[in-house]
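Text of query_21.cif, listed as mmCIF, C-alpha atoms:
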data_my_file
#
loop_
_atom_site.group_PDB
_atom_site.id
_atom_site.type_symbol
_atom_site.label_atom_id
_atom_site.label_comp_id
_atom_site.auth_asym_id
_atom_site.auth_seq_id
_atom_site.Cartn_x
_atom_site.Cartn_y
_atom_site.Cartn_z
ATOM 1 C CA MET A 733 31.634 76.489 38.387
ATOM 2 C CA PHE A 734 30.824 73.155 36.695
ATOM 3 C CA ARG A 735 27.084 73.869 36.826
ATOM 4 C CA ILE A 736 27.567 77.191 35.025
ATOM 5 C CA LYS A 737 29.613 75.560 32.251
ATOM 6 C CA LYS A 738 27.032 72.813 31.883
ATOM 7 C CA THR A 739 24.189 75.346 31.623
ATOM 8 C CA VAL A 740 26.062 77.436 29.061
ATOM 9 C CA LEU A 741 26.858 74.333 27.001
ATOM 10 C CA GLN A 742 23.206 73.246 27.078
ATOM 11 C CA LEU A 743 22.061 76.679 25.933
ATOM 12 C CA VAL A 744 24.628 76.782 23.142
ATOM 13 C CA LEU A 745 23.603 73.331 21.907
ATOM 14 C CA LEU A 746 19.933 74.311 22.068
ATOM 15 C CA VAL A 747 20.550 77.447 19.999
ATOM 16 C CA VAL A 748 22.636 75.510 17.456
ATOM 17 C CA GLY A 749 19.939 72.842 17.183
ATOM 18 C CA VAL A 750 17.187 75.398 16.622
ATOM 19 C CA ALA A 751 19.335 77.194 14.042
ATOM 20 C CA MET A 752 19.986 73.959 12.129
ATOM 21 C CA LEU A 753 16.314 72.985 12.254
ATOM 22 C CA SER A 754 15.297 76.406 10.950
ATOM 23 C CA PHE A 755 17.895 76.308 8.179
ATOM 24 C CA GLY A 756 16.659 72.902 7.024
ATOM 25 C CA ALA A 757 13.037 74.070 7.067
ATOM 26 C CA LEU A 758 13.922 77.142 5.008
ATOM 27 C CA ARG A 759 15.650 74.950 2.421
ATOM 28 C CA GLY A 760 12.535 72.812 2.031
ATOM 29 C CA GLU A 761 14.023 69.709 3.590
ATOM 30 C CA ALA A 762 10.836 69.022 5.555
ATOM 31 C CA ASP A 763 8.978 68.282 2.319
ATOM 32 C CA THR A 764 11.720 65.905 1.207
ATOM 33 C CA VAL A 765 11.714 64.032 4.507
ATOM 34 C CA LEU A 766 7.917 63.752 4.497
ATOM 35 C CA ALA A 767 7.875 62.430 0.923
ATOM 36 C CA LYS A 768 10.493 59.790 1.764
ATOM 37 C CA ALA A 769 8.605 58.777 4.910
ATOM 38 C CA ILE A 770 5.383 58.319 2.944
ATOM 39 C CA ARG A 771 7.156 56.174 0.350
ATOM 40 C CA LEU A 772 8.769 54.058 3.060
ATOM 41 C CA CYS A 773 5.437 53.473 4.812
ATOM 42 C CA LEU A 774 3.759 52.497 1.561
ATOM 43 C CA GLU A 775 6.552 50.024 0.834
ATOM 44 C CA CYS A 776 6.179 48.436 4.276
ATOM 45 C CA VAL A 777 2.431 47.960 3.737
ATOM 46 C CA GLY A 778 3.091 46.560 0.277
ATOM 47 C CA ILE A 779 1.252 49.188 -1.750
ATOM 48 C CA GLY A 780 4.188 51.151 -3.161
#
Once you've parsed the file, please lay out its structure as structure tokens.
Amino acid sequence: MFRIKKTVLQLVLLVVGVAMLSFGALRGEADTVLAKAIRLCLECVGIG
């Protein structure tokens, strides 16, 4: 019984995670994150 609950919980969390990832990608959040990452890397090197 415990194994079934664990499997169902894992599947539910996987579906929720994929849904949240897709929602963020549709909103254009990936571009925002990439731009911030580039700025952070340039600041660490000392260029930006």
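Put simply, atom CA of A:Leu753 is 14.7 Å away from atom CA of A:Leu766.
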d(atom CA of A:Val750, atom CA of A:Ala762) in Å:
14.3 Å
Please measure the separation of atom CA of A:Leu746 and atom CA of A:Arg759, giving the value in Å to one decimal.
20.1 Å
